[in-house]
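Coordinates from protein-v8.txt are shown below (compact mmCIF, C-alpha atoms and all ligand atoms).
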# COMPACT_ATOMS: atom_id res chain seq x y z
CA MET I 1 17.02 75.51 30.73
CA ALA I 2 17.49 77.49 27.52
CA ALA I 3 18.71 80.65 29.29
CA SER I 4 21.20 78.76 31.49
CA GLY I 5 22.39 76.82 28.39
CA LEU I 6 23.03 80.02 26.46
CA ILE I 7 24.99 81.46 29.42
CA LEU I 8 27.18 78.33 29.36
CA VAL I 9 27.65 78.75 25.59
CA GLY I 10 28.84 82.32 26.29
CA PHE I 11 31.40 80.90 28.72
CA LEU I 12 32.54 78.31 26.15
CA ILE I 13 33.22 81.07 23.60
CA GLY I 14 35.11 83.23 26.13
CA HIS I 15 37.10 80.24 27.43
CA LEU I 16 38.04 79.23 23.88
CA ALA I 17 39.22 82.77 23.08
CA GLY I 18 41.33 82.73 26.26
CA ASN I 19 42.77 79.27 25.55
CA LEU I 20 43.77 80.18 22.00
CA ILE I 21 46.21 82.71 23.51
CA ILE I 22 48.47 79.65 23.89
CA PHE I 23 49.40 80.20 20.22
CA GLY I 24 50.88 83.54 21.31
CA GLY I 25 53.42 81.72 23.50
CA MET I 26 54.19 81.14 27.18
CA ASP I 27 54.37 84.78 28.27
CA ALA I 28 51.04 85.69 26.65
CA LEU I 29 49.12 82.76 28.19
CA ASN I 30 50.62 83.06 31.67
CA ALA I 31 50.03 86.83 31.67
CA TYR I 32 46.37 86.21 30.70
CA GLY I 33 46.02 83.66 33.55
CA ALA I 34 47.58 86.08 36.05
CA LYS I 35 45.24 88.88 34.86
CA LEU I 36 42.20 86.65 35.41
CA ARG I 37 43.37 85.84 38.92
CA HIS I 38 43.86 89.54 39.70
CA LEU I 39 40.17 90.12 38.95
CA GLY I 40 39.59 88.73 42.46
CA ALA I 41 35.96 89.32 43.49
CA VAL I 42 34.79 89.78 39.88
CA LEU I 43 36.20 86.35 38.99
CA TRP I 44 34.27 84.83 41.88
CA VAL I 45 31.03 86.51 40.79
CA VAL I 46 31.51 84.97 37.31
CA ARG I 47 32.38 81.58 38.81
CA ILE I 48 29.32 81.59 41.08
CA GLY I 49 27.16 82.63 38.11
CA LEU I 50 28.54 79.70 36.13
CA ILE I 51 27.93 77.21 38.95
CA VAL I 52 24.33 78.48 39.31
CA ALA I 53 23.84 78.16 35.51
CA VAL I 54 25.17 74.56 35.55
CA VAL I 55 22.90 73.61 38.49
CA ILE I 56 19.81 75.22 36.86
CA HIS I 57 20.63 73.50 33.57
CA ILE I 58 20.89 70.07 35.23
CA VAL I 59 17.81 70.46 37.46
CA THR I 60 15.58 71.73 34.62
CA SER I 61 16.79 68.97 32.29
CA MET I 62 15.84 66.39 34.93
CA GLN I 63 12.40 68.03 35.32
CA LEU I 64 11.92 67.89 31.55
CA ALA I 65 12.89 64.20 31.44
CA VAL I 66 10.35 63.44 34.22
CA GLU I 67 7.60 65.45 32.44
CA ASN I 68 8.28 63.62 29.17
CA ARG I 69 7.98 60.27 30.94
CA ARG I 70 4.75 61.33 32.69
CA ALA I 71 3.29 62.48 29.37
CA ARG I 72 3.68 58.93 28.02
CA PRO I 73 4.13 56.46 30.91
CA GLN I 74 3.62 53.52 28.56
CA GLY I 75 6.44 52.94 26.08
CA TYR I 76 5.83 52.74 22.34
CA GLN I 77 5.48 49.27 20.83
CA MET I 78 7.49 50.29 17.81
CA VAL I 79 9.79 53.33 17.67
CA ARG I 80 10.19 55.16 14.35
CA HIS I 81 11.97 58.49 14.50
CA HIS I 82 10.66 61.32 12.32
CA GLU I 83 11.86 64.94 12.41
CA THR I 84 14.59 64.16 14.92
CA THR I 85 18.34 63.59 14.86
CA PRO I 86 20.75 61.40 16.84
CA ALA I 87 22.08 64.57 18.57
CA ALA I 88 18.54 65.44 19.73
CA ARG I 89 17.83 61.94 21.03
CA LEU I 90 21.20 61.76 22.80
CA MET I 91 20.91 65.08 24.68
CA VAL I 92 20.67 63.45 28.14
CA VAL I 93 23.49 60.98 27.45
CA SER I 94 25.78 63.64 25.92
CA GLY I 95 24.92 66.04 28.77
CA VAL I 96 25.90 63.49 31.44
CA LEU I 97 29.14 62.67 29.60
CA VAL I 98 30.01 66.38 29.19
CA LEU I 99 29.51 66.76 32.95
CA ALA I 100 31.87 63.82 33.57
CA TYR I 101 34.42 65.44 31.22
CA LEU I 102 34.04 68.76 33.07
CA VAL I 103 34.67 67.10 36.46
CA TYR I 104 37.86 65.50 35.05
CA HIS I 105 38.91 68.83 33.48
CA LEU I 106 38.47 70.75 36.76
CA LEU I 107 40.40 68.06 38.69
CA HIS I 108 43.14 68.31 36.06
CA PHE I 109 43.67 72.06 35.48
CA THR I 110 41.77 73.93 38.23
CA PHE I 111 42.25 71.76 41.33
CA ARG I 112 45.39 70.20 39.80
CA VAL I 113 45.05 66.82 41.48
CA THR I 114 45.27 64.42 38.52
CA ASN I 115 48.78 65.47 37.38
CA PRO I 116 50.32 67.36 40.32
CA ASP I 117 53.86 66.76 38.96
CA ILE I 118 53.27 69.11 35.99
CA SER I 119 50.58 71.42 37.36
CA HIS I 120 52.18 73.51 40.08
CA GLY I 121 55.12 75.14 38.27
CA VAL I 122 55.76 78.88 38.13
CA ASP I 123 57.46 80.82 35.32
CA ALA I 124 60.45 83.22 35.57
CA LEU I 125 58.08 86.02 36.70
CA GLY I 126 56.60 83.89 39.50
CA ARG I 127 53.24 83.42 37.72
CA HIS I 128 51.43 80.06 37.59
CA ASP I 129 52.93 78.39 34.50
CA ILE I 130 49.67 77.48 32.73
CA TYR I 131 51.49 77.17 29.40
CA THR I 132 53.83 74.38 30.54
CA MET I 133 50.99 72.65 32.43
CA VAL I 134 48.84 72.52 29.27
CA VAL I 135 51.72 71.57 26.91
CA HIS I 136 53.10 68.81 29.15
CA SER I 137 49.57 67.46 29.63
CA PHE I 138 48.75 67.24 25.94
CA GLN I 139 52.11 65.70 25.13
CA GLN I 140 50.64 62.62 26.82
CA LEU I 141 48.52 60.84 24.21
CA PRO I 142 45.81 59.48 26.58
CA ILE I 143 45.18 62.97 28.02
CA ALA I 144 45.08 64.59 24.56
CA PHE I 145 42.62 61.93 23.36
CA ALA I 146 40.46 62.28 26.48
CA TYR I 147 40.17 66.02 25.75
CA VAL I 148 39.34 65.57 22.06
CA ALA I 149 36.69 62.97 23.03
CA GLY I 150 35.31 65.39 25.65
CA MET I 151 35.15 68.17 23.06
CA ALA I 152 33.40 65.85 20.58
CA LEU I 153 30.70 65.31 23.23
CA VAL I 154 30.44 69.06 23.83
CA CYS I 155 30.05 69.44 20.03
CA LEU I 156 27.29 66.80 19.86
CA HIS I 157 25.43 68.46 22.75
CA LEU I 158 25.73 71.96 21.26
CA SER I 159 24.76 70.90 17.74
CA HIS I 160 21.18 70.36 18.91
CA GLY I 161 21.21 72.41 22.14
CA VAL I 162 21.92 75.86 20.69
CA ALA I 163 19.10 75.75 18.12
CA SER I 164 16.77 74.19 20.67
CA GLY I 165 17.59 76.96 23.18
CA PHE I 166 16.74 79.72 20.70
CA GLN I 167 13.49 77.94 19.83
CA THR I 168 12.50 77.55 23.50
CA LEU I 169 13.12 81.27 24.08
CA GLY I 170 10.73 82.02 21.19
CA LEU I 171 13.48 83.61 19.10
CA THR I 172 12.66 81.62 15.96
CA THR I 173 10.05 81.64 13.21
CA GLU I 174 9.00 78.86 10.78
CA ARG I 175 11.47 80.35 8.28
CA THR I 176 14.47 80.73 10.59
CA ILE I 177 14.27 77.26 12.22
CA PRO I 178 16.19 75.42 9.43
CA ILE I 179 18.79 78.22 9.25
CA LEU I 180 19.24 78.09 13.00
CA SER I 181 19.55 74.33 13.13
CA TRP I 182 22.33 74.41 10.50
CA GLY I 183 23.89 77.42 12.23
CA SER I 184 23.85 75.45 15.48
CA ARG I 185 25.68 72.52 13.87
CA LEU I 186 28.29 74.80 12.27
CA PHE I 187 28.82 76.62 15.55
CA ALA I 188 29.28 73.28 17.38
CA LEU I 189 31.83 72.19 14.77
CA ALA I 190 33.72 75.49 15.10
CA VAL I 191 33.86 75.05 18.91
CA PHE I 192 35.13 71.48 18.46
CA LEU I 193 37.82 72.49 15.96
CA GLY I 194 38.85 75.54 18.00
CA TYR I 195 39.35 73.61 21.24
CA SER I 196 40.83 70.52 19.54
CA ALA I 197 43.39 72.69 17.75
CA ILE I 198 45.23 73.00 21.09
CA PRO I 199 45.94 69.29 21.85
CA ALA I 200 46.48 68.74 18.09
CA ALA I 201 49.07 71.55 17.88
CA VAL I 202 50.89 70.18 20.93
CA LEU I 203 50.90 66.61 19.59
CA LEU I 204 52.14 67.79 16.19
CA GLY I 205 54.92 69.81 17.85
CA PHE I 206 53.70 73.27 16.72
CA VAL I 207 53.28 74.30 20.36
CA LYS I 208 56.04 73.11 22.68
C1 LIG T 1 41.72 72.33 24.83
C2 LIG T 1 40.73 72.45 25.67
C3 LIG T 1 40.80 73.20 26.97
C4 LIG T 1 41.88 73.76 27.61
C5 LIG T 1 43.33 73.81 27.16
C6 LIG T 1 41.39 74.33 28.84
C7 LIG T 1 42.18 74.99 29.78
C8 LIG T 1 41.78 75.35 31.03
C9 LIG T 1 42.65 75.82 32.08
C10 LIG T 1 44.17 75.99 31.94
C11 LIG T 1 41.89 76.09 33.18
C12 LIG T 1 42.37 76.54 34.56
C13 LIG T 1 42.55 78.01 34.63
C14 LIG T 1 43.18 78.40 35.96
O1 LIG T 1 42.65 78.02 37.00
O2 LIG T 1 44.20 79.07 35.91
C15 LIG T 1 40.52 75.79 32.82
C16 LIG T 1 39.43 75.96 33.65
C17 LIG T 1 38.13 75.68 33.29
N1 LIG T 1 37.69 75.11 32.11
FE1 LIG T 1 38.84 74.64 30.52
N2 LIG T 1 40.04 74.14 28.93
C18 LIG T 1 39.64 73.44 27.81
C19 LIG T 1 38.35 73.03 27.50
C20 LIG T 1 37.24 73.27 28.29
C21 LIG T 1 35.88 72.90 27.94
C22 LIG T 1 35.48 72.20 26.63
C23 LIG T 1 35.09 73.30 28.97
C24 LIG T 1 33.61 73.15 29.15
C25 LIG T 1 32.93 72.08 28.80
C26 LIG T 1 35.95 73.91 29.97
C27 LIG T 1 35.51 74.44 31.17
C28 LIG T 1 36.34 74.98 32.15
C29 LIG T 1 35.85 75.50 33.42
C30 LIG T 1 34.39 75.56 33.89
C31 LIG T 1 36.98 75.95 34.13
C32 LIG T 1 37.03 76.61 35.52
C33 LIG T 1 37.07 78.10 35.33
C34 LIG T 1 37.41 78.82 36.63
O3 LIG T 1 38.23 78.33 37.39
O4 LIG T 1 36.85 79.88 36.84
N3 LIG T 1 37.23 73.90 29.52
N4 LIG T 1 40.48 75.34 31.51

Would you mind writing the file out in structure tokens?
Amino acid sequence: MAASGLILVGFLIGHLAGNLIIFGGMDALNAYGAKLRHLGAVLWVVRIGLIVAVVIHIVTSMQLAVENRRARPQGYQMVRHHETTPAARLMVVSGVLVLAYLVYHLLHFTFRVTNPDISHGVDALGRHDIYTMVVHSFQQLPIAFAYVAGMALVCLHLSHGVASGFQTLGLTTERTIPILSWGSRLFALAVFLGYSAIPAAVLLGFVK
């Protein structure tokens, strides 16, 4: 679960770096998209790797939930939380909601079925016009808000998940645990702000 989670974190960083190219303008973003598509077989190897990582992450999280239940089949009479945080207790809920967000996101930008009117354009060089697709999408308030909400869920999930992943892999010591848990929260916040900068910039008219 930890290894697949860290692979997905690697994707999130790479995807954010790619998405931020939007601030370089239409030509830069569409050229980047076209370059990715030209990777052909390599792109498919990465995609299959990502799908496998998502499946492993979901299956192992379900196994963990079952093991936790088996370890204590009888519920507690009174629940008092020590040494835990809302993000840690909400990992399953935030994980399911991130998955729902991801399904919507893929239907929107990858399969282009939710907004076909603005998703199939090509630019002057005949490349898929990703720039216009993203800008026209985020100019619609409900879509921009859905994305920011989705990214907030990703942030909540990462704020506990990253530190927890390092701990599971045995990469922590008593001394580094607090540093890592704060590092994990800061990283999650940076991911949230980085991704949210895109719908925010479109809504504020900086990117149009
Ligand atoms: C502002 C936020 C985001 C923007 C603008 C954005 C943009 C895009 C675009 C344009 C594509 C389609 C690329 C193409 O087929 O040409 C895409 C694909 C994808 N996005 Fe995002 N994305 C955002 C956030 C996220 C987040 C938070 C996640 C993960 C939770 C994510 C996961 C993916 C995945 C898995 C794909 C499919 C990649 C592939 O086809 O190989 N995206 N995104």

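The space separating atom CA of I:Leu193 from atom CA of I:Met151 comes to 8.7 Å.
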
Within 7 Å of ligand LIG 1 (chain T), which residues show up when you count only C-alpha atoms and all ligand atoms? List them as a ChimeraX atom specification, please. /I:12,15,19,33,43,47,98,102,105-106,109-110,130,134,147,150-151,154,195-196,198-199

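Note that the spacing between atom CA of I:Val103 and atom CA of I:Ser4 amounts to 18.5 Å.
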
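Nearest to I:Gly14 of all the residues I:Leu186, I:Ile118, I:Val46, I:Ala2 is I:Val46, based on only C-alpha atoms.
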
Grab the atom CA of I:Val191 to atom CA of I:Phe11 distance for me, in Å with one decimal place. 11.7 Å

Long-range neighbours of I:Val92 as a PyMOL selection string, 10 Å cut-off, all atoms listed in the file, 5 positions minimum in chain: chain I and resi 58+61-62+65+87+97-98+157

What would the list of residues within 10 Å of (23.9, 63.2, 24.5) (file frame) look like as a PDB file with C-alpha atoms, in the frame of the given file, if only C-alpha atoms are what count?
ATOM      1  CA  PRO I  86      20.750  61.400  16.840  1.00  0.00           C
ATOM      2  CA  ALA I  87      22.080  64.570  18.570  1.00  0.00           C
ATOM      3  CA  ALA I  88      18.540  65.440  19.730  1.00  0.00           C
ATOM      4  CA  ARG I  89      17.830  61.940  21.030  1.00  0.00           C
ATOM      5  CA  LEU I  90      21.200  61.760  22.800  1.00  0.00           C
ATOM      6  CA  MET I  91      20.910  65.080  24.680  1.00  0.00           C
ATOM      7  CA  VAL I  92      20.670  63.450  28.140  1.00  0.00           C
ATOM      8  CA  VAL I  93      23.490  60.980  27.450  1.00  0.00           C
ATOM      9  CA  SER I  94      25.780  63.640  25.920  1.00  0.00           C
ATOM     10  CA  GLY I  95      24.920  66.040  28.770  1.00  0.00           C
ATOM     11  CA  VAL I  96      25.900  63.490  31.440  1.00  0.00           C
ATOM     12  CA  LEU I  97      29.140  62.670  29.600  1.00  0.00           C
ATOM     13  CA  VAL I  98      30.010  66.380  29.190  1.00  0.00           C
ATOM     14  CA  LEU I 153      30.700  65.310  23.230  1.00  0.00           C
ATOM     15  CA  VAL I 154      30.440  69.060  23.830  1.00  0.00           C
ATOM     16  CA  CYS I 155      30.050  69.440  20.030  1.00  0.00           C
ATOM     17  CA  LEU I 156      27.290  66.800  19.860  1.00  0.00           C
ATOM     18  CA  HIS I 157      25.430  68.460  22.750  1.00  0.00           C
ATOM     19  CA  LEU I 158      25.730  71.960  21.260  1.00  0.00           C
ATOM     20  CA  HIS I 160      21.180  70.360  18.910  1.00  0.00           C
ATOM     21  CA  GLY I 161      21.210  72.410  22.140  1.00  0.00           C
TER      22      GLY I 161
END

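Residue nearest I:Gly205, chosen from I:Tyr101, I:Phe138, I:Trp44, I:Phe166 and counting all atoms listed in the file: I:Phe138.
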